[in-house]
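Asks: My structure is in work-v1.txt, and what it holds is compact mmCIF, C-alpha atoms and all ligand atoms:
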# COMPACT_ATOMS: atom_id res chain seq x y z
CA MET A 217 129.30 26.42 100.94
CA ARG A 218 127.80 28.45 98.11
CA VAL A 219 129.66 28.40 94.80
CA VAL A 220 129.03 31.03 92.17
CA ALA A 221 131.02 32.08 89.14
CA CYS A 222 132.85 35.33 88.62
CA LEU A 223 130.49 37.07 86.22
CA SER A 224 133.27 38.10 83.89
CA CYS A 225 135.85 35.35 83.84
CA TYR A 226 133.89 32.39 85.18
CA ALA A 227 136.42 31.72 87.92
CA LEU A 228 134.64 29.91 90.69
CA LEU A 229 133.80 32.02 93.65
CA HIS A 230 133.73 29.74 96.66
CA CYS A 231 131.65 31.92 98.84
CA SER A 232 130.98 30.51 102.25
CA ARG A 233 129.99 33.90 103.61
CA SER A 234 127.07 35.53 101.91
CA ARG A 235 126.27 39.07 102.94
CA SER A 236 123.77 37.96 105.56
CA ALA A 237 126.10 35.28 106.81
CA ALA A 238 128.90 37.79 107.10
CA LEU A 239 126.69 40.05 109.16
CA ALA A 240 125.79 37.14 111.41
CA PHE A 241 129.48 36.43 111.77
CA VAL A 242 130.30 39.89 113.00
CA GLN A 243 127.25 40.10 115.22
CA ARG A 244 128.49 37.28 117.38
CA PRO A 245 129.60 38.38 120.87
CA LEU A 246 132.69 40.54 120.61
CA GLU A 247 135.90 39.47 122.23
CA PRO A 248 136.72 41.45 125.34
CA ALA A 249 139.24 44.21 124.72
CA ALA A 250 140.03 42.85 121.29
CA GLY A 251 143.34 44.33 120.20
CA ALA A 252 145.63 44.04 117.23
CA ARG A 253 147.49 41.12 118.78
CA ALA A 254 144.36 39.18 119.59
CA TRP A 255 143.24 38.56 116.00
CA LYS A 256 144.83 35.78 114.06
CA HIS A 257 144.04 35.11 110.43
CA ALA A 258 146.79 32.76 109.41
CA HIS A 259 144.66 31.45 106.58
CA TYR A 260 145.08 34.69 104.69
CA ALA A 261 148.66 35.28 105.81
CA SER A 262 150.02 32.02 104.46
CA ALA A 263 150.79 33.06 100.88
CA ASP A 264 154.40 33.36 99.86
CA PRO A 265 154.75 36.98 98.76
CA SER A 266 157.99 36.26 96.95
CA ASP A 267 156.16 34.04 94.50
CA CYS A 268 153.42 36.28 93.24
CA ARG A 269 152.80 38.84 90.52
CA VAL A 270 150.28 40.82 92.55
CA LYS A 271 150.11 41.24 96.28
CA VAL A 272 146.77 41.59 98.05
CA ILE A 273 147.00 43.00 101.56
CA TYR A 274 144.15 41.66 103.66
CA ASP A 275 143.10 40.35 107.01
CA GLU A 276 139.68 39.80 108.51
CA SER A 277 139.89 42.24 111.36
CA HIS A 278 137.80 44.64 109.25
CA THR A 279 134.76 42.50 110.10
CA ARG A 280 134.82 44.15 113.54
CA HIS A 281 133.73 47.35 111.88
CA ALA A 282 130.10 46.45 111.22
CA ALA A 283 126.80 48.14 111.90
CA ARG A 284 124.34 46.46 114.22
CA SER A 285 121.72 46.78 111.51
CA ASP A 286 121.84 46.20 107.79
CA HIS A 287 124.17 48.68 106.09
CA SER A 288 125.57 48.93 102.56
CA GLU A 289 129.11 49.33 103.90
CA CYS A 290 129.25 45.78 105.23
CA PRO A 291 132.01 43.20 105.84
CA ALA A 292 130.94 41.02 102.91
CA ARG A 293 132.25 43.72 100.56
CA ALA A 294 135.75 42.55 101.40
CA THR A 295 135.27 38.97 102.60
CA VAL A 296 133.63 37.83 99.35
CA ALA A 297 136.42 39.40 97.32
CA ALA A 298 139.03 37.77 99.56
CA ASP A 299 137.38 34.39 99.08
CA LEU A 300 137.63 34.84 95.32
CA LEU A 301 141.15 36.26 95.15
CA GLN A 302 142.79 33.73 97.44
CA GLY A 303 142.27 31.07 94.79
CA VAL A 304 143.68 33.05 91.88
CA ALA A 305 147.11 31.97 90.62
CA GLY A 306 149.72 34.69 90.86
CA ILE A 307 148.11 36.50 93.76
CA GLY A 308 149.90 36.47 97.10
CA MET A 309 147.64 37.39 99.98
CA VAL A 310 149.35 38.77 103.06
CA ALA A 311 148.22 40.46 106.25
CA PRO A 312 149.12 44.12 106.86
CA ALA A 313 152.32 44.61 108.81
CA ALA A 314 150.52 46.27 111.71
CA ALA A 315 148.33 43.19 112.18
CA SER A 316 151.13 41.51 114.08
CA GLY A 317 151.32 44.41 116.51
CA ASP A 318 154.79 45.26 115.22
CA ALA A 319 155.79 48.55 116.84
CA ASP A 320 157.66 49.88 113.81
CA ALA A 321 154.69 49.19 111.55
CA LEU A 322 152.34 50.96 113.95
CA ASP A 323 154.70 53.95 114.17
CA LYS A 324 154.79 54.13 110.39
CA VAL A 325 151.01 54.15 110.27
CA MET A 326 150.73 56.92 112.84
CA ARG A 327 153.27 59.10 111.05
CA ALA A 328 151.32 58.68 107.83
CA LEU A 329 147.97 59.48 109.44
CA HIS A 330 149.35 62.55 111.16
CA ARG A 331 150.59 63.87 107.81
CA VAL A 332 147.02 64.12 106.51
CA HIS A 333 144.83 64.49 109.60
CA LYS A 334 144.82 66.88 112.53
CA ASP A 335 146.12 65.36 115.77
CA TRP A 336 142.88 66.10 117.62
CA TYR A 337 140.81 64.49 114.89
CA ILE A 338 142.74 61.20 115.07
CA GLU A 339 142.33 61.22 118.84
CA ASP A 340 138.60 61.94 118.51
CA ILE A 341 138.07 58.80 116.42
CA ALA A 342 140.19 56.75 118.83
CA ALA A 343 138.26 58.10 121.81
CA MET A 344 134.91 57.39 120.17
CA SER A 345 135.96 53.77 119.65
CA ARG A 346 137.19 53.52 123.23
CA ARG A 347 133.78 54.69 124.40
CA GLY A 348 132.16 51.86 122.47
CA GLY A 349 131.28 53.63 119.23
CA GLY A 350 128.37 55.66 117.92
CA ASN A 351 127.41 57.54 114.80
CA VAL A 352 129.33 60.39 113.16
CA ASP A 353 126.35 61.06 110.91
CA PHE A 354 123.27 59.12 109.96
CA ASP A 355 125.14 56.55 107.89
CA THR A 356 128.76 56.78 109.13
CA TYR A 357 129.03 54.50 112.14
CA VAL A 358 131.79 53.79 114.64
CA THR A 359 132.22 50.58 116.62
CA LYS A 360 134.56 49.96 119.50
CA ASP A 361 137.00 48.47 116.98
CA THR A 362 136.70 51.03 114.19
CA TYR A 363 139.87 52.90 115.12
CA ASP A 364 141.92 49.70 115.27
CA VAL A 365 140.46 48.49 111.99
CA CYS A 366 141.39 51.80 110.35
CA VAL A 367 144.94 51.59 111.68
CA ARG A 368 145.30 48.17 110.09
CA ALA A 369 143.76 49.42 106.87
CA THR A 370 146.25 52.28 106.74
CA SER A 371 149.02 49.74 107.25
CA ALA A 372 147.69 47.72 104.32
CA TRP A 373 147.83 50.75 102.01
CA LEU A 374 151.38 51.57 103.13
CA ASP A 375 152.43 47.96 102.62
CA ALA A 376 150.95 48.12 99.14
CA VAL A 377 153.07 51.19 98.40
CA ASP A 378 156.17 49.39 99.70
CA SER A 379 155.38 46.44 97.47
CA ALA A 380 155.05 48.52 94.31
CA VAL A 381 157.88 50.97 94.96
CA THR A 382 160.46 48.75 96.63
CA HIS A 383 159.76 45.41 95.00
CA GLY A 384 158.06 46.37 91.74
CA THR A 385 155.09 44.22 92.64
CA PRO A 386 151.72 45.92 92.14
CA ALA A 387 149.40 45.56 95.10
CA PHE A 388 145.79 45.85 96.16
CA ALA A 389 144.85 46.94 99.68
CA LEU A 390 141.62 45.02 100.25
CA THR A 391 140.42 47.12 103.15
CA ARG A 392 137.33 48.72 104.57
CA PRO A 393 135.79 51.04 105.58
CA PRO A 394 136.55 53.26 102.58
CA GLY A 395 138.64 56.39 103.10
CA HIS A 396 138.48 58.82 100.19
CA HIS A 397 135.78 61.08 101.68
CA ALA A 398 137.64 61.59 104.97
CA THR A 399 139.07 65.10 105.14
CA PRO A 400 141.87 66.24 107.46
CA MET A 401 139.27 67.15 110.09
CA ALA A 402 136.08 65.24 109.33
CA ALA A 403 134.66 61.74 108.88
CA MET A 404 131.90 61.40 106.32
CA GLY A 405 130.49 59.06 103.70
CA PHE A 406 131.41 55.90 105.65
CA CYS A 407 135.06 57.14 105.80
CA PHE A 408 137.30 58.00 108.76
CA PHE A 409 140.92 58.07 107.64
CA ASN A 410 142.20 59.03 104.24
CA PHE A 411 144.20 55.98 103.24
CA ALA A 412 145.05 57.13 99.71
CA GLY A 413 146.29 60.49 100.95
CA ALA A 414 148.30 58.90 103.74
CA ALA A 415 149.82 56.39 101.31
CA ALA A 416 150.76 59.18 98.90
CA MET A 417 152.39 61.28 101.61
CA TYR A 418 154.25 58.22 102.87
CA ALA A 419 155.62 57.60 99.39
CA LEU A 420 156.78 61.22 99.11
CA ASP A 421 158.12 61.87 102.59
CA GLU A 422 159.48 58.48 103.64
CA LEU A 423 160.32 56.71 100.39
CA GLY A 424 161.66 59.86 98.75
CA LEU A 425 159.49 59.90 95.64
CA GLU A 426 159.08 63.26 93.93
CA ARG A 427 155.79 62.79 92.06
CA VAL A 428 152.82 60.60 92.97
CA ALA A 429 149.63 60.46 90.91
CA LEU A 430 146.23 59.64 92.37
CA LEU A 431 143.39 58.24 90.28
CA ASP A 432 139.93 57.86 91.81
CA PHE A 433 137.41 55.81 89.84
CA ASP A 434 134.92 55.41 92.66
CA VAL A 435 131.54 56.68 91.45
CA HIS A 436 131.71 59.43 94.06
CA PHE A 437 134.14 62.34 94.10
CA GLY A 438 136.98 61.71 96.55
CA ASN A 439 136.79 65.06 98.28
CA GLY A 440 139.14 63.96 101.05
CA VAL A 441 141.92 62.88 98.68
CA ALA A 442 141.47 66.08 96.70
CA ALA A 443 141.84 68.06 99.93
CA VAL A 444 145.20 66.39 100.56
CA ALA A 445 146.41 66.77 96.98
CA ARG A 446 145.52 70.46 96.68
CA GLN A 447 148.09 71.21 99.41
CA ASP A 448 151.04 69.60 97.65
CA ALA A 449 152.34 70.14 94.13
CA ARG A 450 154.10 66.77 94.27
CA LEU A 451 150.66 65.15 93.91
CA ARG A 452 148.29 65.10 90.96
CA TYR A 453 144.72 63.90 91.53
CA CYS A 454 142.11 62.91 88.96
CA SER A 455 138.61 61.71 89.78
CA LEU A 456 135.96 60.31 87.45
CA HIS A 457 132.60 60.29 89.17
CA GLU A 458 128.89 60.51 88.64
CA ALA A 459 127.65 64.07 88.23
CA GLY A 460 125.40 65.33 90.97
CA SER A 461 126.21 62.60 93.49
CA PHE A 462 127.62 62.59 97.01
CA PRO A 463 129.46 64.61 98.34
CA PHE A 464 128.12 67.17 95.79
CA THR A 465 131.41 69.09 95.59
CA GLY A 466 133.14 67.45 92.64
CA THR A 467 132.02 69.77 89.90
CA GLU A 468 134.45 70.36 87.08
CA GLU A 469 134.46 74.12 87.62
CA LEU A 470 135.83 73.66 91.14
CA ALA A 471 138.81 71.58 89.98
CA GLY A 472 142.32 72.93 89.67
CA GLY A 473 143.45 74.17 93.05
CA PRO A 474 146.40 76.46 93.79
CA HIS A 475 148.81 74.03 92.13
CA LYS A 476 146.50 73.23 89.20
CA ASN A 477 146.86 69.59 90.15
CA LEU A 478 143.22 68.55 90.54
CA ARG A 479 141.01 67.25 87.75
CA GLN A 480 137.38 66.38 88.43
CA LEU A 481 135.64 64.65 85.52
CA GLU A 482 131.90 64.22 85.83
CA VAL A 483 130.15 61.38 84.03
CA GLN A 484 126.50 62.06 83.34
CA PRO A 485 124.13 59.47 84.75
CA GLN A 486 121.27 57.98 82.80
CA TYR A 487 118.57 60.20 84.14
CA PHE A 488 120.26 63.41 82.95
CA GLY A 489 120.01 62.30 79.34
CA GLY A 490 123.51 63.57 78.55
CA GLY A 491 124.94 60.08 78.43
CA LYS A 492 124.13 56.64 79.58
CA GLY A 493 126.80 56.18 82.18
CA THR A 494 128.30 53.24 80.34
CA TRP A 495 131.93 52.57 79.61
CA ALA A 496 131.41 52.72 75.85
CA GLU A 497 129.09 55.70 75.67
CA SER A 498 130.57 58.14 78.14
CA TYR A 499 133.16 56.81 80.59
CA GLU A 500 135.72 55.43 78.13
CA LYS A 501 136.19 58.68 76.22
CA ARG A 502 136.75 60.75 79.35
CA PHE A 503 139.13 58.18 80.79
CA LYS A 504 141.22 57.73 77.65
CA GLU A 505 141.26 61.31 76.43
CA GLU A 506 141.27 63.32 79.64
CA ALA A 507 142.17 61.33 82.75
CA LEU A 508 144.93 59.06 81.51
CA PRO A 509 146.95 61.54 79.38
CA TRP A 510 146.84 64.13 82.17
CA LEU A 511 148.22 61.66 84.70
CA VAL A 512 150.84 60.34 82.25
CA GLU A 513 151.97 63.91 81.51
CA PHE A 514 152.85 64.26 85.20
CA ASP A 515 155.38 61.41 84.80
CA PRO A 516 154.62 59.98 88.27
CA GLN A 517 156.89 57.49 89.97
CA LEU A 518 153.83 55.82 91.52
CA LEU A 519 150.11 55.70 90.79
CA ILE A 520 147.74 55.19 93.71
CA VAL A 521 144.22 54.24 92.69
CA SER A 522 141.20 54.83 94.89
CA ALA A 523 139.43 51.78 93.52
CA GLY A 524 135.74 52.08 94.21
CA TYR A 525 133.34 49.86 92.31
CA ASP A 526 130.06 51.66 92.86
CA ALA A 527 129.96 52.76 89.20
CA LEU A 528 128.91 49.18 88.43
CA GLU A 529 125.43 48.81 87.02
CA ALA A 530 124.54 46.41 89.83
CA ASP A 531 125.50 48.89 92.55
CA PRO A 532 122.59 50.07 94.69
CA LEU A 533 124.03 53.52 95.49
CA ALA A 534 124.60 55.01 92.01
CA THR A 535 123.27 54.96 88.47
CA LEU A 536 126.25 54.49 86.15
CA THR A 537 126.29 51.23 84.23
CA MET A 538 129.86 49.97 84.23
CA GLN A 539 130.44 46.23 83.96
CA PRO A 540 133.16 44.24 85.78
CA GLU A 541 135.12 43.67 82.56
CA ASN A 542 135.39 47.43 82.02
CA TYR A 543 137.78 47.54 84.97
CA ARG A 544 140.05 45.09 83.17
CA GLU A 545 140.21 47.57 80.29
CA ILE A 546 141.03 50.40 82.67
CA ALA A 547 143.69 48.30 84.38
CA GLN A 548 145.18 47.25 81.04
CA LEU A 549 145.61 50.90 80.13
CA LEU A 550 147.10 51.69 83.54
CA ARG A 551 149.61 48.90 83.28
CA GLY A 552 150.60 50.06 79.80
CA ALA A 553 151.09 53.59 81.06
CA PHE A 554 152.62 53.05 84.50
CA GLY A 555 153.99 49.49 84.47
CA ASN A 556 153.99 47.81 87.86
CA LYS A 557 154.30 51.01 89.89
CA VAL A 558 150.60 50.88 90.63
CA VAL A 559 148.75 50.49 93.92
CA PHE A 560 145.01 49.95 94.30
CA GLY A 561 142.94 50.26 97.45
CA LEU A 562 139.28 49.48 97.94
CA GLU A 563 136.97 52.44 98.38
CA GLY A 564 133.26 52.02 97.56
CA GLY A 565 131.42 49.20 95.81
CA TYR A 566 128.26 47.86 97.39
CA ALA A 567 127.11 45.14 95.01
CA VAL A 568 129.10 42.49 96.82
CA GLU A 569 129.64 39.76 94.23
CA GLU A 570 129.97 42.12 91.27
CA THR A 571 132.54 44.15 93.22
CA ALA A 572 134.56 40.99 93.88
CA CYS A 573 134.51 40.16 90.17
CA ALA A 574 135.49 43.71 89.24
CA ILE A 575 138.45 43.60 91.64
CA HIS A 576 139.52 40.35 90.00
CA MET A 577 139.19 42.01 86.59
CA THR A 578 141.28 44.94 87.80
CA LEU A 579 144.13 42.64 88.79
CA GLN A 580 144.10 40.44 85.71
CA PRO A 581 146.35 42.60 83.48
CA PHE A 582 148.93 42.71 86.27
CA LEU A 583 148.89 38.92 86.57
CA GLU A 584 150.10 38.55 83.00
CA PRO A 585 153.84 38.40 82.23
ZN ZN B 601 131.63 55.68 96.35
Output the file's structure in the form of structure tokens.
Replies:
Amino acid sequence: MRVVACLSCYALLHCSRSRSAALAFVQRPLEPAAGARAWKHAHYASADPSDCRVKVIYDESHTRHAARSDHSECPARATVAADLLQGVAGIGMVAPAAASGDADALDKVMRALHRVHKDWYIEDIAAMSRRGGGNVDFDTYVTKDTYDVCVRATSAWLDAVDSAVTHGTPAFALTRPPGHHATPMAAMGFCFFNFAGAAAMYALDELGLERVALLDFDVHFGNGVAAVARQDARLRYCSLHEAGSFPFTGTEELAGGPHKNLRQLEVQPQYFGGGKGTWAESYEKRFKEEALPWLVEFDPQLLIVSAGYDALEADPLATLTMQPENYREIAQLLRGAFGNKVVFGLEGGYAVEETACAIHMTLQPFLEP
């Protein structure tokens, strides 16, 4: 077992699955006709959710969505974080409701997905998995289990909403693949189903909320979540992302939408010379003065955060220079503004250990009384 320290808080990270080890784990022979009922991860489902300040929704079925070759969007992104979080006092780690094969939970997931995606699109992804997988584009891959993994991930995001709304317990859906680039009719950028959008529509249409805010601090613009939000005035979406990065549609001029409920804040990367991409020099001001007040003004009954950690300096896919502790500052401000009615879900973040630390930092303010 490898033991490293969380870079920001020095909590020990008992990491028995390095990135390469995780890949080896998922490249073992696949179980025949693996289905939701076949996977058991009691280790992660043993926490008592009634005795926690923050709920983390997680199970290891996501490891079945893995490329046959090295890929940034790899299982270790979530397994390393799970290894860290399971030892943190105050965190209750539970499996998503759909992991048990519960019919009601699966129905809830399908209703949520059909609210944001076209019927034929959902079936296309399912059919592609049934055929054994393939590639949607050069870096968005499908395995025979991708559809099932995404169903469970959707369930995790819905469970997180239930936790925050019904029980007042903030929650983190520790899921992959990410979802915020998935549009109603297209997979892209490693994403297939729009979990944040589905969670928001679930909160509105099934839990009866009237206003849900969406914050996206992934380094990339969440074009898929924006596409959902622009259709519904009950949503307000704000993204902070690196200027000029994938999917190249998040410019500030294109924000707004018919309901004026989209805000797209670009942070200049180092090489543009307009800022240095750090929390202190560019990100903090935009977050405190533009993103946060605009979301607070909406007076939402729930905040759903597309929590991507690829703005970290260590991340290989972007050039901003955020540090893990900066996410504690963001989370502290979110808790002050929205209390415990906050849900996070993992989007990007490809520096595996730094992402795990940043997730821990994100949850710390919510672990305090
Ligand atoms: Zn990203």
Asks: Which of these residues is nearest to Pro400 in chain A, using only C-alpha atoms: A:Ala314, A:Ala496, A:Ala445, A:Leu583?
Replies: A:Ala445
Asks: Could you report the residues within 7 Å of ligand ZN 601 (chain B), using all atoms listed in the file, as a list of chain:residue names?
Replies: A:Asp434, A:Val435, A:His436, A:Gly524, A:Asp526, A:Glu563, A:Gly564, A:Gly565
Asks: With distances taken over all atoms listed in the file, which residue among A:His333, A:Lys271, A:Arg452, A:Lys324 lies nearest Gly306 in chain A?
Replies: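 Checking each candidate against Gly306 in chain A, we get A:Lys271 as the closest.
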Asks: So that I can see what lies close to range 366-373 of chain A, please list as a ChimeraX atom specification the residues with an atom at most 10 Å from it, counting all atoms listed in the file and leaving out residues fewer than 5 positions away in the same chain.
Replies: /A:252,272-275,277-278,281,310-317,321-326,328-329,341-342,361,378-379,387-395,407-416,418,520,559-562
Asks: Would you please work out which residue, of A:Glu506, A:Asp353, A:Asp267, A:Glu545, is nearest to Met404 in chain A when using all atoms listed in the file?
Replies: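 Looking at the shortest contact to Met404 in chain A, the residue is A:Asp353.
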Asks: Leaving out His457 in chain A and any residue of its chain fewer than 5 positions from it, which residues lie within 9 Å of it when counting all atoms listed in the file, given as a VMD selection string?
Replies: chain A and resid 432 to 438 466 480 to 484 527
Asks: Go through A:Leu374, A:Pro463, A:Asn477, A:Gly424 one by one, measure the shortest atom-to-atom distance of each to Ala449 in chain A using all atoms listed in the file, and give the residue with the smallest value.
Replies: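 Smallest separation from Ala449 in chain A among the options: A:Asn477.
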Asks: Which is closest to Leu528 in chain A among A:Phe464, A:Trp495, A:Phe406, A:Phe354, if we use all atoms listed in the file?
Replies: A:Trp495
